[in-house]
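Student: What follows is start20.cif; its format and atoms are mmCIF, C-alpha atoms.
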data_start
loop_
_atom_site.group_PDB
_atom_site.id
_atom_site.type_symbol
_atom_site.label_atom_id
_atom_site.label_comp_id
_atom_site.auth_asym_id
_atom_site.auth_seq_id
_atom_site.Cartn_x
_atom_site.Cartn_y
_atom_site.Cartn_z
ATOM 1 C CA MET A 1164 41.225 35.632 95.793
ATOM 2 C CA GLY A 1165 44.176 33.450 94.839
ATOM 3 C CA ARG A 1166 47.645 34.245 93.701
ATOM 4 C CA GLU A 1167 48.570 35.190 90.142
ATOM 5 C CA VAL A 1168 50.583 32.662 88.144
ATOM 6 C CA LYS A 1169 52.400 33.262 84.855
ATOM 7 C CA VAL A 1170 53.362 30.195 82.833
ATOM 8 C CA LYS A 1171 55.416 30.112 79.635
ATOM 9 C CA HIS A 1172 55.210 27.064 77.376
ATOM 10 C CA LYS A 1173 56.931 27.149 73.994
ATOM 11 C CA GLU A 1174 55.774 30.437 72.429
ATOM 12 C CA GLU A 1175 52.671 30.772 74.611
ATOM 13 C CA THR A 1176 52.426 32.641 77.925
ATOM 14 C CA ARG A 1177 49.349 32.215 80.100
ATOM 15 C CA VAL A 1178 48.297 34.014 83.286
ATOM 16 C CA PHE A 1179 45.789 32.630 85.783
ATOM 17 C CA GLN A 1180 44.849 32.635 89.470
ATOM 18 C CA ILE A 1181 45.482 29.721 91.795
ATOM 19 C CA GLU A 1182 43.590 29.334 95.067
ATOM 20 C CA ASN A 1183 45.874 26.912 96.892
ATOM 21 C CA GLU A 1184 49.302 28.240 96.020
ATOM 22 C CA LYS A 1185 51.059 25.784 98.352
ATOM 23 C CA SER A 1186 49.767 22.653 96.619
ATOM 24 C CA PHE A 1187 52.034 21.337 93.881
ATOM 25 C CA HIS A 1188 49.285 18.952 92.771
ATOM 26 C CA ASP A 1189 46.776 21.816 92.346
ATOM 27 C CA LEU A 1190 49.324 23.860 90.385
ATOM 28 C CA GLU A 1191 50.193 20.913 88.159
ATOM 29 C CA LYS A 1192 46.529 20.098 87.448
ATOM 30 C CA GLN A 1193 45.687 23.716 86.650
ATOM 31 C CA ILE A 1194 48.621 24.002 84.219
ATOM 32 C CA GLU A 1195 47.643 20.669 82.662
ATOM 33 C CA ASN A 1196 44.063 21.914 82.136
ATOM 34 C CA ILE A 1197 45.046 25.334 80.800
ATOM 35 C CA LEU A 1198 47.811 24.209 78.439
ATOM 36 C CA LYS A 1199 46.211 20.862 77.528
ATOM 37 C CA ILE A 1200 49.478 18.991 78.043
ATOM 38 C CA THR A 1201 50.653 16.025 80.070
ATOM 39 C CA HIS A 1202 54.146 14.734 80.912
ATOM 40 C CA PHE A 1203 55.792 18.015 81.811
ATOM 41 C CA ASN A 1204 58.004 19.606 84.425
ATOM 42 C CA ILE A 1205 57.280 22.920 86.132
ATOM 43 C CA CYS A 1206 60.446 25.015 86.294
ATOM 44 C CA TYR A 1207 61.675 28.468 87.319
ATOM 45 C CA LYS A 1208 64.917 30.423 87.178
ATOM 46 C CA ASP A 1209 66.537 31.007 90.544
ATOM 47 C CA GLU A 1210 68.565 34.068 91.569
ATOM 48 C CA ASP A 1211 71.706 32.477 90.065
ATOM 49 C CA GLY A 1212 69.979 31.963 86.713
ATOM 50 C CA ASP A 1213 69.761 28.202 87.145
ATOM 51 C CA ASP A 1214 66.729 26.253 85.924
ATOM 52 C CA ILE A 1215 65.022 24.680 88.952
ATOM 53 C CA THR A 1216 62.395 21.947 88.594
ATOM 54 C CA ILE A 1217 59.550 21.702 91.110
ATOM 55 C CA LYS A 1218 58.018 18.297 91.804
ATOM 56 C CA THR A 1219 56.815 18.473 95.425
ATOM 57 C CA ASP A 1220 54.969 20.753 97.836
ATOM 58 C CA GLU A 1221 58.241 21.305 99.685
ATOM 59 C CA GLU A 1222 60.067 22.444 96.536
ATOM 60 C CA LEU A 1223 57.143 24.719 95.720
ATOM 61 C CA GLN A 1224 57.378 26.205 99.222
ATOM 62 C CA VAL A 1225 61.108 26.934 98.708
ATOM 63 C CA TYR A 1226 60.163 28.826 95.537
ATOM 64 C CA LEU A 1227 57.334 30.715 97.288
ATOM 65 C CA ASP A 1228 59.712 31.710 100.098
ATOM 66 C CA SER A 1229 62.162 33.069 97.520
ATOM 67 C CA ILE A 1230 59.604 35.316 95.766
ATOM 68 C CA GLY A 1231 57.718 36.601 98.791
ATOM 69 C CA GLN A 1232 54.364 38.041 97.735
ATOM 70 C CA GLY A 1233 55.362 38.377 94.071
ATOM 71 C CA LYS A 1234 53.795 36.763 91.038
ATOM 72 C CA MET A 1235 54.547 33.076 90.544
ATOM 73 C CA LYS A 1236 56.480 32.710 87.251
ATOM 74 C CA PHE A 1237 57.212 29.345 85.671
ATOM 75 C CA PHE A 1238 58.232 27.807 82.401
ATOM 76 C CA ILE A 1239 57.245 24.355 81.259
ATOM 77 C CA LYS A 1240 59.551 21.640 79.977
ATOM 78 C CA GLU A 1241 57.698 18.844 78.253
ATOM 79 C CA MET A 1242 59.044 15.368 78.883
ATOM 80 C CA LYS A 1243 59.364 12.977 75.996
ATOM 81 C CA SER A 1244 56.994 10.061 76.243
ATOM 82 C CA SER A 1245 56.825 7.379 73.602
ATOM 83 C CA ASN A 1246 53.405 6.941 72.070
ATOM 84 C CA HIS A 1247 53.585 3.221 72.833
ATOM 85 C CA ASP A 1248 54.208 3.865 76.533
ATOM 86 C CA SER A 1249 51.395 6.369 76.628
ATOM 87 C CA ASN A 1250 48.976 3.991 74.899
ATOM 88 C CA GLN A 1251 50.066 1.117 77.144
ATOM 89 C CA ASN A 1252 49.632 3.229 80.293
ATOM 90 C CA HIS A 1253 46.229 4.389 79.077
ATOM 91 C CA ALA A 1254 45.178 0.800 78.332
ATOM 92 C CA GLN A 1255 46.361 -0.386 81.751
ATOM 93 C CA HIS A 1256 44.598 2.513 83.459
ATOM 94 C CA SER A 1257 41.420 1.842 81.475
ATOM 95 C CA GLN A 1258 41.565 -1.880 82.289
ATOM 96 C CA LYS A 1259 42.082 -1.102 85.977
ATOM 97 C CA ASN A 1260 39.092 1.274 85.954
ATOM 98 C CA GLN A 1261 36.922 -1.334 84.230
ATOM 99 C CA SER A 1262 37.971 -3.954 86.768
ATOM 100 C CA GLU A 1263 37.207 -1.593 89.672
ATOM 101 C CA GLN A 1264 33.825 -0.722 88.162
ATOM 102 C CA LYS A 1265 33.032 -4.416 87.677
ATOM 103 C CA ASN A 1266 33.960 -5.155 91.307
ATOM 104 C CA GLN A 1267 31.829 -2.259 92.530
ATOM 105 C CA LEU A 1268 28.891 -3.444 90.437
ATOM 106 C CA MET A 1269 29.258 -7.012 91.745
ATOM 107 C CA GLN A 1270 29.404 -5.735 95.340
ATOM 108 C CA LYS A 1271 26.332 -3.582 94.742
ATOM 109 C CA GLU A 1272 24.429 -6.492 93.181
ATOM 110 C CA SER A 1273 25.462 -8.764 96.040
ATOM 111 C CA ALA A 1274 24.340 -6.211 98.603
ATOM 112 C CA GLU A 1275 21.006 -5.803 96.795
ATOM 113 C CA ALA A 1276 20.530 -9.577 96.651
ATOM 114 C CA ASN A 1277 21.273 -9.809 100.383
ATOM 115 C CA LYS A 1278 18.707 -7.069 101.074
ATOM 116 C CA GLU A 1279 16.115 -8.910 98.981
ATOM 117 C CA ARG A 1280 16.794 -12.204 100.803
ATOM 118 C CA GLU A 1281 16.526 -10.431 104.162
ATOM 119 C CA ALA A 1282 13.251 -8.772 103.117
ATOM 120 C CA ARG A 1283 11.802 -12.141 101.984
ATOM 121 C CA ARG A 1284 12.917 -13.785 105.245
ATOM 122 C CA LYS A 1285 11.214 -11.017 107.233
ATOM 123 C CA GLU A 1286 8.034 -11.448 105.173
ATOM 124 C CA VAL A 1287 8.032 -15.205 105.856
ATOM 125 C CA ASP A 1288 8.673 -14.619 109.575
ATOM 126 C CA LEU A 1289 5.848 -12.075 109.716
ATOM 127 C CA ALA A 1290 3.464 -14.420 107.876
ATOM 128 C CA GLU A 1291 4.325 -17.254 110.275
ATOM 129 C CA GLN A 1292 3.825 -14.956 113.264
ATOM 130 C CA LEU A 1293 0.435 -13.769 111.974
ATOM 131 C CA LYS A 1294 -0.619 -17.369 111.307
ATOM 132 C CA LYS A 1295 0.418 -18.404 114.811
ATOM 133 C CA GLU A 1296 -1.476 -15.469 116.366
ATOM 134 C CA ALA A 1297 -4.569 -16.336 114.320
ATOM 135 C CA GLU A 1298 -4.402 -19.965 115.493
ATOM 136 C CA GLU A 1299 -4.009 -18.805 119.116
ATOM 137 C CA ARG A 1300 -7.049 -16.524 118.782
ATOM 138 C CA LYS A 1301 -9.054 -19.343 117.241
ATOM 139 C CA GLN A 1302 -8.040 -21.682 120.060
ATOM 140 C CA GLN A 1303 -8.971 -19.052 122.675
ATOM 141 C CA GLU A 1304 -12.382 -18.561 121.045
ATOM 142 C CA GLN A 1305 -12.926 -22.314 121.012
ATOM 143 C CA GLU A 1306 -12.007 -22.518 124.713
ATOM 144 C CA LYS A 1307 -14.392 -19.647 125.508
ATOM 145 C CA GLU A 1308 -17.156 -21.366 123.566
ATOM 146 C CA TRP A 1309 -16.485 -24.659 125.362
ATOM 147 C CA LEU A 1310 -16.576 -22.873 128.760
ATOM 148 C CA ARG A 1311 -19.833 -21.169 127.837
ATOM 149 C CA GLN A 1312 -21.297 -24.503 126.757
ATOM 150 C CA GLU A 1313 -20.179 -26.048 130.053
ATOM 151 C CA GLN A 1314 -21.797 -23.288 132.030
ATOM 152 C CA LEU A 1315 -25.079 -23.773 130.221
ATOM 153 C CA ARG A 1316 -25.197 -27.479 131.172
#
Take the structure I supplied and represent it as structure tokens, if you would.
Tutor:
Amino acid sequence: MGREVKVKHKEETRVFQIENEKSFHDLEKQIENILKITHFNICYKDEDGDDITIKTDEELQVYLDSIGQGKMKFFIKEMKSSNHDSNQNHAQHSQKNQSEQKNQLMQKESAEANKEREARRKEVDLAEQLKKEAEERKQQEQEKEWLRQEQLR
């Protein structure tokens, strides 16, 4: 079982369990999913009463060392993000995803086309080989028949 986390955001306090307590990314994603927010800082009050912001695994480890086995307690500070910046970032991210998907599709189609060409080439090679073997058998039968005819004379 994971470690208990208490998070305060505005007037709301949430409690949940986290499995990988040493991963800042996991903590951030879980808070994002629970509180349905983006663009925020994860903070705590240190022993001097100062607000400390955590942004890395190392900073999270400093906090964990300071609380021992106790409950992880944080408060959230939302960062201001202009709607235009958010929309622009979303559009750029969406465009990048579309471009990546298009490239993947083109690579997949190219790979499939290469497989089809290879399969057709193998079919042609096999047909030519079978034709050659049939001609060789026919020639051998003709030679046998000629030898038999010669022996009868």
Student: For region 1224-1237 of chain A, find every residue with an atom within 6 Å (counting all atoms listed in the file), except residues of its own chain fewer than 5 positions away, and show them as a PyMOL selection string.
Tutor: chain A and resi 1167-1170+1206-1207
Student: Enumerate, as a PyMOL selection string, the residues matched when the PyMOL selection byres ((chain A and resi 1186) around 9) is run on the file above.
Tutor: chain A and resi 1183-1185+1187-1191+1219-1220+1223-1224
Student: Suppose you want the space between CA of Met1242 (chain A) and CA of Glu1221 (chain A); what is it in Å?
Tutor: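 Those two atoms sit 21.6 Å apart.
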Student: State, in Å with one decimal place, the distance from CA of Glu1308 (chain A) to CA of Glu1296 (chain A).
Tutor: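 Between CA of Glu1308 (chain A) and CA of Glu1296 (chain A) the gap is 18.2 Å.
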Student: Go ahead and compute the interatomic distance for CA of Ile1181 (chain A) and CA of Gln1193 (chain A), in Å to one decimal.
Tutor: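 Computed distance, CA of Ile1181 (chain A) to CA of Gln1193 (chain A), equals 7.9 Å.
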Student: Considering all atoms listed in the file, state which residue in the set A:Leu1268, A:Leu1289, A:Ile1205, A:Ile1200 is at the smallest distance from Glu1222 (chain A).
Tutor: A:Ile1205
Student: Could you write region 1233-1306 of chain A of the block just shown to a file containing C-alpha atoms, as a PDB file, in the first residue's frame?
Tutor:
ATOM      1  CA  GLY A1233       4.472  10.956   8.386  1.00  0.00           C
ATOM      2  CA  LYS A1234       1.645  11.927   6.078  1.00  0.00           C
ATOM      3  CA  MET A1235       2.613  13.982   3.039  1.00  0.00           C
ATOM      4  CA  LYS A1236       0.875  17.389   3.330  1.00  0.00           C
ATOM      5  CA  PHE A1237       0.837  19.915   0.507  1.00  0.00           C
ATOM      6  CA  PHE A1238      -0.989  22.988  -0.646  1.00  0.00           C
ATOM      7  CA  ILE A1239      -1.447  23.977  -4.252  1.00  0.00           C
ATOM      8  CA  LYS A1240      -0.675  27.344  -5.802  1.00  0.00           C
ATOM      9  CA  GLU A1241      -2.213  27.767  -9.218  1.00  0.00           C
ATOM     10  CA  MET A1242      -0.082  29.600 -11.747  1.00  0.00           C
ATOM     11  CA  LYS A1243      -1.679  32.202 -13.945  1.00  0.00           C
ATOM     12  CA  SER A1244      -1.780  31.191 -17.571  1.00  0.00           C
ATOM     13  CA  SER A1245      -3.322  33.376 -20.225  1.00  0.00           C
ATOM     14  CA  ASN A1246      -6.096  31.714 -22.168  1.00  0.00           C
ATOM     15  CA  HIS A1247      -4.336  32.654 -25.404  1.00  0.00           C
ATOM     16  CA  ASP A1248      -1.127  30.908 -24.333  1.00  0.00           C
ATOM     17  CA  SER A1249      -3.074  27.865 -23.263  1.00  0.00           C
ATOM     18  CA  ASN A1250      -5.000  27.717 -26.544  1.00  0.00           C
ATOM     19  CA  GLN A1251      -1.807  28.275 -28.540  1.00  0.00           C
ATOM     20  CA  ASN A1252       0.033  25.533 -26.626  1.00  0.00           C
ATOM     21  CA  HIS A1253      -2.914  23.190 -27.099  1.00  0.00           C
ATOM     22  CA  ALA A1254      -3.034  23.958 -30.833  1.00  0.00           C
ATOM     23  CA  GLN A1255       0.714  23.396 -31.193  1.00  0.00           C
ATOM     24  CA  HIS A1256       0.503  20.156 -29.221  1.00  0.00           C
ATOM     25  CA  SER A1257      -2.470  19.002 -31.299  1.00  0.00           C
ATOM     26  CA  GLN A1258      -0.684  19.888 -34.549  1.00  0.00           C
ATOM     27  CA  LYS A1259       2.427  18.023 -33.403  1.00  0.00           C
ATOM     28  CA  ASN A1260       0.334  14.950 -32.531  1.00  0.00           C
ATOM     29  CA  GLN A1261      -1.406  15.067 -35.913  1.00  0.00           C
ATOM     30  CA  SER A1262       1.942  15.350 -37.679  1.00  0.00           C
ATOM     31  CA  GLU A1263       3.351  12.407 -35.696  1.00  0.00           C
ATOM     32  CA  GLN A1264       0.249  10.334 -36.438  1.00  0.00           C
ATOM     33  CA  LYS A1265       0.497  11.193 -40.142  1.00  0.00           C
ATOM     34  CA  ASN A1266       4.177  10.173 -40.194  1.00  0.00           C
ATOM     35  CA  GLN A1267       3.387   6.915 -38.411  1.00  0.00           C
ATOM     36  CA  LEU A1268       0.579   6.174 -40.858  1.00  0.00           C
ATOM     37  CA  MET A1269       2.840   6.911 -43.844  1.00  0.00           C
ATOM     38  CA  GLN A1270       5.560   4.648 -42.411  1.00  0.00           C
ATOM     39  CA  LYS A1271       3.009   1.898 -41.809  1.00  0.00           C
ATOM     40  CA  GLU A1272       1.615   2.230 -45.341  1.00  0.00           C
ATOM     41  CA  SER A1273       5.127   2.213 -46.780  1.00  0.00           C
ATOM     42  CA  ALA A1274       6.029  -0.885 -44.796  1.00  0.00           C
ATOM     43  CA  GLU A1275       2.829  -2.607 -45.955  1.00  0.00           C
ATOM     44  CA  ALA A1276       3.535  -1.662 -49.575  1.00  0.00           C
ATOM     45  CA  ASN A1277       7.072  -3.047 -49.242  1.00  0.00           C
ATOM     46  CA  LYS A1278       5.675  -6.300 -47.816  1.00  0.00           C
ATOM     47  CA  GLU A1279       3.213  -6.558 -50.708  1.00  0.00           C
ATOM     48  CA  ARG A1280       5.975  -5.950 -53.283  1.00  0.00           C
ATOM     49  CA  GLU A1281       8.163  -8.567 -51.593  1.00  0.00           C
ATOM     50  CA  ALA A1282       5.280 -11.069 -51.551  1.00  0.00           C
ATOM     51  CA  ARG A1283       4.587 -10.469 -55.278  1.00  0.00           C
ATOM     52  CA  ARG A1284       8.299 -10.847 -56.091  1.00  0.00           C
ATOM     53  CA  LYS A1285       8.386 -14.151 -54.195  1.00  0.00           C
ATOM     54  CA  GLU A1286       5.281 -15.343 -56.061  1.00  0.00           C
ATOM     55  CA  VAL A1287       6.898 -14.488 -59.413  1.00  0.00           C
ATOM     56  CA  ASP A1288      10.148 -16.211 -58.386  1.00  0.00           C
ATOM     57  CA  LEU A1289       8.222 -19.301 -57.282  1.00  0.00           C
ATOM     58  CA  ALA A1290       6.211 -19.372 -60.525  1.00  0.00           C
ATOM     59  CA  GLU A1291       9.414 -19.088 -62.572  1.00  0.00           C
ATOM     60  CA  GLN A1292      11.037 -21.855 -60.529  1.00  0.00           C
ATOM     61  CA  LEU A1293       8.027 -24.156 -60.976  1.00  0.00           C
ATOM     62  CA  LYS A1294       7.974 -23.430 -64.716  1.00  0.00           C
ATOM     63  CA  LYS A1295      11.682 -24.200 -64.998  1.00  0.00           C
ATOM     64  CA  GLU A1296      11.271 -27.470 -63.058  1.00  0.00           C
ATOM     65  CA  ALA A1297       8.340 -28.460 -65.280  1.00  0.00           C
ATOM     66  CA  GLU A1298      10.410 -27.783 -68.415  1.00  0.00           C
ATOM     67  CA  GLU A1299      13.303 -29.833 -66.981  1.00  0.00           C
ATOM     68  CA  ARG A1300      10.952 -32.744 -66.234  1.00  0.00           C
ATOM     69  CA  LYS A1301       9.502 -32.530 -69.726  1.00  0.00           C
ATOM     70  CA  GLN A1302      12.989 -32.519 -71.236  1.00  0.00           C
ATOM     71  CA  GLN A1303      14.005 -35.523 -69.099  1.00  0.00           C
ATOM     72  CA  GLU A1304      10.894 -37.429 -70.205  1.00  0.00           C
ATOM     73  CA  GLN A1305      11.654 -36.603 -73.827  1.00  0.00           C
ATOM     74  CA  GLU A1306      15.240 -37.844 -73.396  1.00  0.00           C
TER      75      GLU A1306
END
